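K.L.:
Contents of start_23.txt (compact mmCIF, C-alpha atoms) are below:
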# COMPACT_ATOMS: atom_id res chain seq x y z
CA MET R 1 -61.17 8.75 -38.44
CA ILE R 2 -62.35 6.81 -35.38
CA ARG R 3 -60.97 3.66 -36.93
CA THR R 4 -57.54 5.30 -37.39
CA LYS R 5 -57.50 6.49 -33.75
CA ARG R 6 -58.44 2.99 -32.61
CA THR R 7 -55.62 1.50 -34.73
CA VAL R 8 -53.07 3.97 -33.38
CA THR R 9 -54.23 3.29 -29.81
CA MET R 10 -53.93 -0.47 -30.34
CA VAL R 11 -50.44 -0.13 -31.83
CA ILE R 12 -49.28 2.04 -28.93
CA THR R 13 -50.84 -0.33 -26.39
CA GLY R 14 -49.20 -3.29 -28.13
CA LEU R 15 -45.79 -1.58 -28.02
CA ILE R 16 -46.19 -0.84 -24.33
CA ILE R 17 -47.18 -4.44 -23.58
CA ALA R 18 -44.27 -5.76 -25.68
CA GLY R 19 -41.87 -3.48 -23.78
CA VAL R 20 -43.16 -4.71 -20.42
CA VAL R 21 -42.96 -8.36 -21.53
CA TRP R 22 -39.38 -7.84 -22.80
CA ALA R 23 -38.32 -6.13 -19.55
CA VAL R 24 -39.80 -8.91 -17.43
CA THR R 25 -38.48 -11.73 -19.62
CA TYR R 26 -35.03 -10.48 -20.60
CA GLY R 27 -34.31 -7.80 -18.04
CA GLN R 28 -34.23 -10.13 -15.04
CA GLY R 29 -30.84 -11.45 -14.02
CA ASN R 30 -29.06 -8.78 -16.01
CA GLU R 31 -28.42 -6.54 -13.02
CA GLN R 32 -24.76 -5.69 -12.51
CA LYS R 33 -23.05 -8.44 -10.50
CA ILE R 34 -19.79 -6.57 -9.98
CA THR R 35 -19.10 -2.90 -9.36
CA PRO R 36 -15.85 -0.95 -9.18
CA ALA R 37 -14.36 -0.62 -5.71
CA SER R 38 -12.99 2.69 -4.55
CA ASN R 39 -11.55 3.83 -1.26
CA ILE R 40 -10.37 0.40 -0.14
CA THR R 41 -9.17 0.64 3.46
CA VAL R 42 -6.77 -1.61 5.39
CA LEU R 43 -7.87 -2.40 8.96
CA ASP R 44 -6.01 -4.15 11.77
CA ALA R 45 -7.40 -6.87 14.05
CA ASN R 46 -9.04 -4.22 16.26
CA ASN R 47 -10.71 -2.53 13.26
CA LYS R 48 -8.28 0.39 13.58
CA VAL R 49 -7.76 2.04 10.21
CA VAL R 50 -4.24 1.41 8.97
CA GLY R 51 -4.74 3.48 5.83
CA ARG R 52 -6.28 3.78 2.40
CA VAL R 53 -4.93 1.39 -0.24
CA GLN R 54 -2.84 3.19 -2.86
CA SER R 55 -2.20 0.06 -4.94
CA LEU R 56 -2.52 -3.70 -4.75
CA GLY R 57 0.18 -6.21 -5.63
CA GLY R 58 -0.43 -8.35 -8.70
CA ASP R 59 -1.43 -11.31 -6.56
CA ALA R 60 -3.55 -9.11 -4.24
CA ALA R 61 -1.53 -10.45 -1.29
CA THR R 62 0.02 -7.03 -0.62
CA ALA R 63 -1.21 -3.47 -0.64
CA SER R 64 0.65 -0.17 -0.53
CA VAL R 65 -0.61 2.28 2.08
CA ALA R 66 0.49 5.91 2.51
CA PHE R 67 1.08 7.41 5.95
CA VAL R 68 1.87 10.79 7.41
CA VAL R 69 4.39 10.31 10.22
CA ALA R 70 5.23 12.99 12.78
CA GLY R 71 8.74 14.26 12.15
CA VAL R 72 8.75 13.34 8.45
CA ALA R 73 8.02 16.13 5.97
CA GLN R 74 6.59 13.93 3.20
CA PRO R 75 4.09 11.05 3.34
CA ILE R 76 5.71 7.62 3.42
CA VAL R 77 4.56 4.44 1.72
CA LEU R 78 4.56 1.03 3.38
CA ASN R 79 3.45 -2.34 2.10
CA VAL R 80 1.09 -4.50 4.13
CA ASN R 81 0.13 -8.14 3.83
CA ARG R 82 -2.14 -10.12 6.09
CA ASP R 83 0.50 -10.46 8.82
CA LYS R 84 2.95 -7.56 8.58
CA LEU R 85 3.74 -4.00 7.54
CA TYR R 86 7.04 -3.56 5.71
CA GLY R 87 9.03 -1.03 3.68
CA ALA R 88 7.84 -0.34 0.17
CA GLN R 89 11.08 0.76 -1.48
CA GLY R 90 14.63 -0.55 -1.73
CA ASN R 91 15.30 -3.91 -0.15
CA GLY R 92 14.01 -3.05 3.33
CA ASN R 93 17.30 -3.54 5.20
CA VAL R 94 18.95 -1.18 7.69
CA VAL R 95 22.75 -1.22 7.88
CA PHE R 96 25.27 0.27 10.29
CA GLU R 97 28.96 1.06 10.24
CA SER R 98 29.28 -0.53 13.71
CA THR R 99 29.31 -4.29 14.28
CA ASP R 100 26.38 -4.16 16.77
CA CYS R 101 23.68 -2.14 14.93
CA SER R 102 24.43 1.00 16.93
CA GLY R 103 25.16 4.47 15.62
CA THR R 104 23.67 6.09 12.54
CA PRO R 105 21.23 3.83 10.68
CA PHE R 106 21.42 3.71 6.88
CA LEU R 107 19.00 2.29 4.35
CA PHE R 108 20.70 -0.02 1.92
CA ARG R 109 19.40 0.85 -1.54
CA GLY R 110 20.51 -2.35 -3.22
CA LEU R 111 20.07 -2.07 -6.97
CA VAL R 112 17.46 0.73 -6.87
CA ALA R 113 18.36 3.00 -9.79
CA THR R 114 16.30 6.09 -8.92
CA PRO R 115 18.39 8.88 -7.38
CA PRO R 116 16.99 9.83 -3.94
CA ASP R 117 16.19 13.40 -5.04
CA ARG R 118 13.90 12.01 -7.77
CA GLU R 119 11.71 9.87 -5.49
CA LEU R 120 8.23 10.93 -4.49
CA SER R 121 8.49 9.74 -0.90
CA PRO R 122 11.30 8.82 1.48
CA GLN R 123 12.68 5.28 1.49
CA THR R 124 11.43 3.12 4.36
CA ALA R 125 12.33 -0.10 6.13
CA VAL R 126 10.50 -2.12 8.78
CA VAL R 127 12.87 -4.44 10.61
CA LEU R 128 13.36 -6.46 13.77
CA PRO R 129 13.06 -6.13 16.69
CA ASN R 130 9.28 -6.18 16.44
CA SER R 131 8.34 -3.96 13.48
CA THR R 132 10.64 -0.99 13.92
CA LEU R 133 10.10 1.71 11.28
CA TYR R 134 13.11 3.50 9.80
CA VAL R 135 12.63 6.39 7.38
CA GLN R 136 15.19 8.02 5.10
CA ASP R 137 16.45 11.34 6.45
CA VAL R 138 15.80 13.43 3.34
CA ASN R 139 17.77 16.34 4.83
CA LEU R 140 21.01 14.36 4.53
CA ASN R 141 22.74 13.27 1.32
CA PRO R 142 23.53 9.65 0.53
CA GLN R 143 26.87 8.62 2.03
CA GLU R 144 29.51 6.09 1.18
CA ILE R 145 29.80 3.80 4.19
CA HIS R 146 31.53 0.58 5.18
CA ALA R 147 28.60 -1.48 6.54
CA GLN R 148 29.44 -4.01 9.26
CA SER R 149 26.04 -4.96 10.68
CA ILE R 150 22.50 -5.33 9.35
CA LEU R 151 18.86 -5.49 10.51
CA THR R 152 16.22 -7.12 8.28
CA ARG R 153 12.55 -7.88 8.71
CA THR R 154 13.39 -11.55 9.32
CA THR R 155 16.71 -11.47 11.21
CA PRO R 156 17.82 -9.44 14.22
CA CYS R 157 21.11 -7.56 14.31
CA THR R 158 23.79 -9.55 12.53
CA ALA R 159 27.46 -8.59 12.37
CA GLN R 160 28.39 -8.90 8.71
CA ASP R 161 31.07 -7.10 6.73
CA MET R 162 29.20 -5.99 3.63
CA GLY R 163 31.89 -3.79 2.17
CA THR R 164 31.69 -0.18 1.07
CA PHE R 165 28.73 1.27 -0.82
CA THR R 166 26.44 4.30 -0.96
CA ALA R 167 23.56 4.25 1.53
CA LEU R 168 20.84 6.64 2.70
CA PRO R 169 21.01 8.08 6.24
CA ALA R 170 17.84 7.16 8.12
CA LYS R 171 15.93 7.92 11.31
CA LYS R 172 14.52 5.32 13.69
CA MET R 173 10.87 6.26 14.19
CA PHE R 174 8.83 3.79 16.32
CA ASP R 175 7.55 0.23 16.58
CA LEU R 176 4.59 -0.30 14.26
CA ASP R 177 3.47 -3.24 16.43
CA GLN R 178 2.58 -0.65 19.10
CA GLU R 179 0.28 1.10 16.61
CA PHE R 180 -1.36 -1.77 14.69
CA THR R 181 -2.29 -5.37 15.49
CA PRO R 182 -2.24 -8.06 12.77
CA PRO R 183 -3.95 -9.76 11.05
CA PHE R 184 -4.81 -7.06 8.53
CA THR R 185 -7.89 -7.05 6.30
CA THR R 186 -9.41 -4.77 3.69
CA ARG R 187 -12.81 -3.14 3.49
Using structure tokens, write down the structure that the file contains.

P.N.:
Amino acid sequence: MIRTKRTVTMVITGLIIAGVVWAVTYGQGNEQKITPASNITVLDANNKVVGRVQSLGGDAATASVAFVVAGVAQPIVLNVNRDKLYGAQGNGNVVFESTDCSGTPFLFRGLVATPPDRELSPQTAVVLPNSTLYVQDVNLNPQEIHAQSILTRTTPCTAQDMGTFTALPAKKMFDLDQEFTPPFTTR
């Protein structure tokens, strides 16, 4: 009986020692080297929070960030890269029926196929001068216009007869450069 207890004790002790040796030998270096990231935040040059990342572009050079803007009923989505904030939907241009970019602004939808009443957030554009934000006026229906001038994010007001097409009435909001300072980073 004593011999059986001694044998059992030795077997248990041997298993414990083997477990410790295995953990020391094979367990080292197997700690997780990468963990999932959640709640990625975009910051400007002054560490001011721009917003929480909603999605990243395939090349990770751009991120989509959602904002709540005073005077707009729904959250809007903008894209951000290291140097600039810009509209996330459509082609990001603002067009006018005048030849000098005055009067009612319209967002040119380009080839976007989604009807405006089926979108989750208003269309946006960020254009020159500076980084002026325009947001679709969701209280107004799309209108057929004859566009004669255009603002883009790379060119100031340009007189250009673009013909007649359906566009979305928009509201000029404010200059994003007054709110955020590039370069942008994530954390």

K.L.:
State, in Å with one decimal place, the distance from CA of Asp44 in chain R to CA of Asp137 in chain R.

P.N.:
27.8 Å

K.L.:
For the atom pair CA of Thr35 in chain R and CA of Gly51 in chain R, what is the interatomic distance in Å to one decimal place?

P.N.:
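Here the two named atoms are 21.9 Å from each other.
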
K.L.:
Which residue is closest to Val69 in chain R? Choose from R:Val42, R:Ala147, R:Leu176, R:Val49 and count only C-alpha atoms.

P.N.:
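Nearest to Val69 in chain R: R:Leu176.
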
K.L.:
Step by step: start from the point (14.7, 3.9, 17.4) in the file's coordinates, keep every protein, DNA or RNA residue that has an atom no farther than 12 Å from it, count only C-alpha atoms, and write the set as a list in words.

P.N.:
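Residues close enough to count: Val94, Cys101, Ser102, Gly103, Thr104, Pro105, Val126, Val127, Leu128, Pro129, Asn130, Ser131, Thr132, Leu133, Tyr134, Val135, Ala170, Lys171, Lys172, Met173, Phe174, Asp175 and Leu176 of chain R.
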
K.L.:
Axis-aligned box over every listed atom of range 131-149 of chain R, padded by 6 Å per side: centre and edges in Å to one decimal, as AutoDock Vina command-line options?

P.N.:
--center_x 19.9 --center_y 5.7 --center_z 7.2 --size_x 35.2 --size_y 33.3 --size_z 25.4

K.L.:
With distances taken over all atoms listed in the file, which residue among R:Ala167, R:Ala37, R:Val95, R:Ala63 lies nearest Pro142 in chain R?

P.N.:
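Result for the nearest residue to Pro142 in chain R: R:Ala167.
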
K.L.:
So how far away is CA of Gln136 in chain R from CA of Thr99 in chain R, in Å?

P.N.:
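CA of Gln136 in chain R lies 20.9 Å from CA of Thr99 in chain R.
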
K.L.:
Since the input has fewer atoms than a full residue there, write range 142-153 of chain R out with all heavy atoms, as an mmCIF file, in the frame of the given file.

P.N.:
data_model
loop_
_atom_site.group_PDB
_atom_site.id
_atom_site.type_symbol
_atom_site.label_atom_id
_atom_site.label_comp_id
_atom_site.auth_asym_id
_atom_site.auth_seq_id
_atom_site.Cartn_x
_atom_site.Cartn_y
_atom_site.Cartn_z
ATOM 1 N N PRO R 142 23.004 11.010 0.468
ATOM 2 C CA PRO R 142 23.530 9.650 0.530
ATOM 3 C C PRO R 142 25.016 9.690 0.875
ATOM 4 O O PRO R 142 25.717 10.638 0.518
ATOM 5 C CB PRO R 142 23.299 9.114 -0.880
ATOM 6 C CG PRO R 142 22.190 9.955 -1.428
ATOM 7 C CD PRO R 142 22.363 11.306 -0.808
ATOM 8 N N GLN R 143 25.479 8.665 1.588
ATOM 9 C CA GLN R 143 26.870 8.620 2.030
ATOM 10 C C GLN R 143 27.498 7.288 1.668
ATOM 11 O O GLN R 143 26.820 6.262 1.676
ATOM 12 C CB GLN R 143 26.956 8.808 3.543
ATOM 13 C CG GLN R 143 26.436 10.135 4.026
ATOM 14 C CD GLN R 143 26.450 10.223 5.549
ATOM 15 O OE1 GLN R 143 27.196 9.521 6.212
ATOM 16 N NE2 GLN R 143 25.606 11.095 6.088
ATOM 17 N N GLU R 144 28.774 7.337 1.384
ATOM 18 C CA GLU R 144 29.510 6.090 1.180
ATOM 19 C C GLU R 144 29.912 5.595 2.566
ATOM 20 O O GLU R 144 30.520 6.324 3.351
ATOM 21 C CB GLU R 144 30.743 6.316 0.319
ATOM 22 C CG GLU R 144 31.378 5.004 -0.091
ATOM 23 C CD GLU R 144 32.398 5.183 -1.190
ATOM 24 O OE1 GLU R 144 31.994 5.595 -2.290
ATOM 25 O OE2 GLU R 144 33.576 4.904 -0.915
ATOM 26 N N ILE R 145 29.519 4.369 2.870
ATOM 27 C CA ILE R 145 29.800 3.800 4.190
ATOM 28 C C ILE R 145 30.447 2.428 4.029
ATOM 29 O O ILE R 145 30.381 1.813 2.962
ATOM 30 C CB ILE R 145 28.521 3.672 5.047
ATOM 31 C CG1 ILE R 145 27.551 2.662 4.424
ATOM 32 C CG2 ILE R 145 27.863 5.023 5.244
ATOM 33 C CD1 ILE R 145 26.437 2.218 5.364
ATOM 34 N N HIS R 146 31.047 1.951 5.110
ATOM 35 C CA HIS R 146 31.530 0.580 5.180
ATOM 36 C C HIS R 146 30.623 -0.133 6.186
ATOM 37 O O HIS R 146 30.779 0.020 7.399
ATOM 38 C CB HIS R 146 32.996 0.495 5.623
ATOM 39 C CG HIS R 146 33.519 -0.895 5.561
ATOM 40 N ND1 HIS R 146 34.182 -1.379 4.456
ATOM 41 C CD2 HIS R 146 33.441 -1.921 6.435
ATOM 42 C CE1 HIS R 146 34.505 -2.636 4.667
ATOM 43 N NE2 HIS R 146 34.066 -2.995 5.858
ATOM 44 N N ALA R 147 29.610 -0.851 5.692
ATOM 45 C CA ALA R 147 28.600 -1.480 6.540
ATOM 46 C C ALA R 147 29.160 -2.748 7.190
ATOM 47 O O ALA R 147 29.755 -3.593 6.522
ATOM 48 C CB ALA R 147 27.364 -1.806 5.731
ATOM 49 N N GLN R 148 28.919 -2.851 8.535
ATOM 50 C CA GLN R 148 29.440 -4.010 9.260
ATOM 51 C C GLN R 148 28.366 -4.739 10.075
ATOM 52 O O GLN R 148 28.662 -5.739 10.715
ATOM 53 C CB GLN R 148 30.582 -3.571 10.170
ATOM 54 C CG GLN R 148 31.752 -3.005 9.361
ATOM 55 C CD GLN R 148 32.945 -2.755 10.236
ATOM 56 O OE1 GLN R 148 33.567 -3.702 10.717
ATOM 57 N NE2 GLN R 148 33.251 -1.483 10.464
ATOM 58 N N SER R 149 27.135 -4.225 10.050
ATOM 59 C CA SER R 149 26.040 -4.960 10.680
ATOM 60 C C SER R 149 24.740 -4.596 9.960
ATOM 61 O O SER R 149 24.638 -3.562 9.291
ATOM 62 C CB SER R 149 25.939 -4.666 12.180
ATOM 63 O OG SER R 149 25.733 -3.300 12.431
ATOM 64 N N ILE R 150 23.737 -5.485 10.109
ATOM 65 C CA ILE R 150 22.500 -5.330 9.350
ATOM 66 C C ILE R 150 21.299 -5.794 10.179
ATOM 67 O O ILE R 150 21.386 -6.747 10.958
ATOM 68 C CB ILE R 150 22.582 -6.132 8.021
ATOM 69 C CG1 ILE R 150 21.361 -5.883 7.148
ATOM 70 C CG2 ILE R 150 22.802 -7.619 8.275
ATOM 71 C CD1 ILE R 150 21.498 -6.425 5.731
ATOM 72 N N LEU R 151 20.172 -5.090 9.996
ATOM 73 C CA LEU R 151 18.860 -5.490 10.510
ATOM 74 C C LEU R 151 17.971 -5.763 9.303
ATOM 75 O O LEU R 151 17.973 -4.980 8.350
ATOM 76 C CB LEU R 151 18.219 -4.377 11.332
ATOM 77 C CG LEU R 151 18.802 -4.045 12.694
ATOM 78 C CD1 LEU R 151 18.204 -2.744 13.227
ATOM 79 C CD2 LEU R 151 18.526 -5.183 13.667
ATOM 80 N N THR R 152 17.193 -6.844 9.338
ATOM 81 C CA THR R 152 16.220 -7.120 8.280
ATOM 82 C C THR R 152 14.873 -7.382 8.933
ATOM 83 O O THR R 152 14.765 -7.426 10.156
ATOM 84 C CB THR R 152 16.625 -8.341 7.417
ATOM 85 O OG1 THR R 152 16.401 -9.539 8.158
ATOM 86 C CG2 THR R 152 18.078 -8.256 6.959
ATOM 87 N N ARG R 153 13.872 -7.609 8.129
ATOM 88 C CA ARG R 153 12.550 -7.880 8.710
ATOM 89 C C ARG R 153 12.436 -9.316 9.201
ATOM 90 O O ARG R 153 11.469 -9.676 9.851
ATOM 91 C CB ARG R 153 11.431 -7.518 7.758
ATOM 92 C CG ARG R 153 11.394 -8.261 6.486
ATOM 93 C CD ARG R 153 10.286 -7.730 5.588
ATOM 94 N NE ARG R 153 10.278 -8.538 4.389
ATOM 95 C CZ ARG R 153 9.210 -8.850 3.721
ATOM 96 N NH1 ARG R 153 8.049 -8.395 4.096
ATOM 97 N NH2 ARG R 153 9.299 -9.599 2.653
#
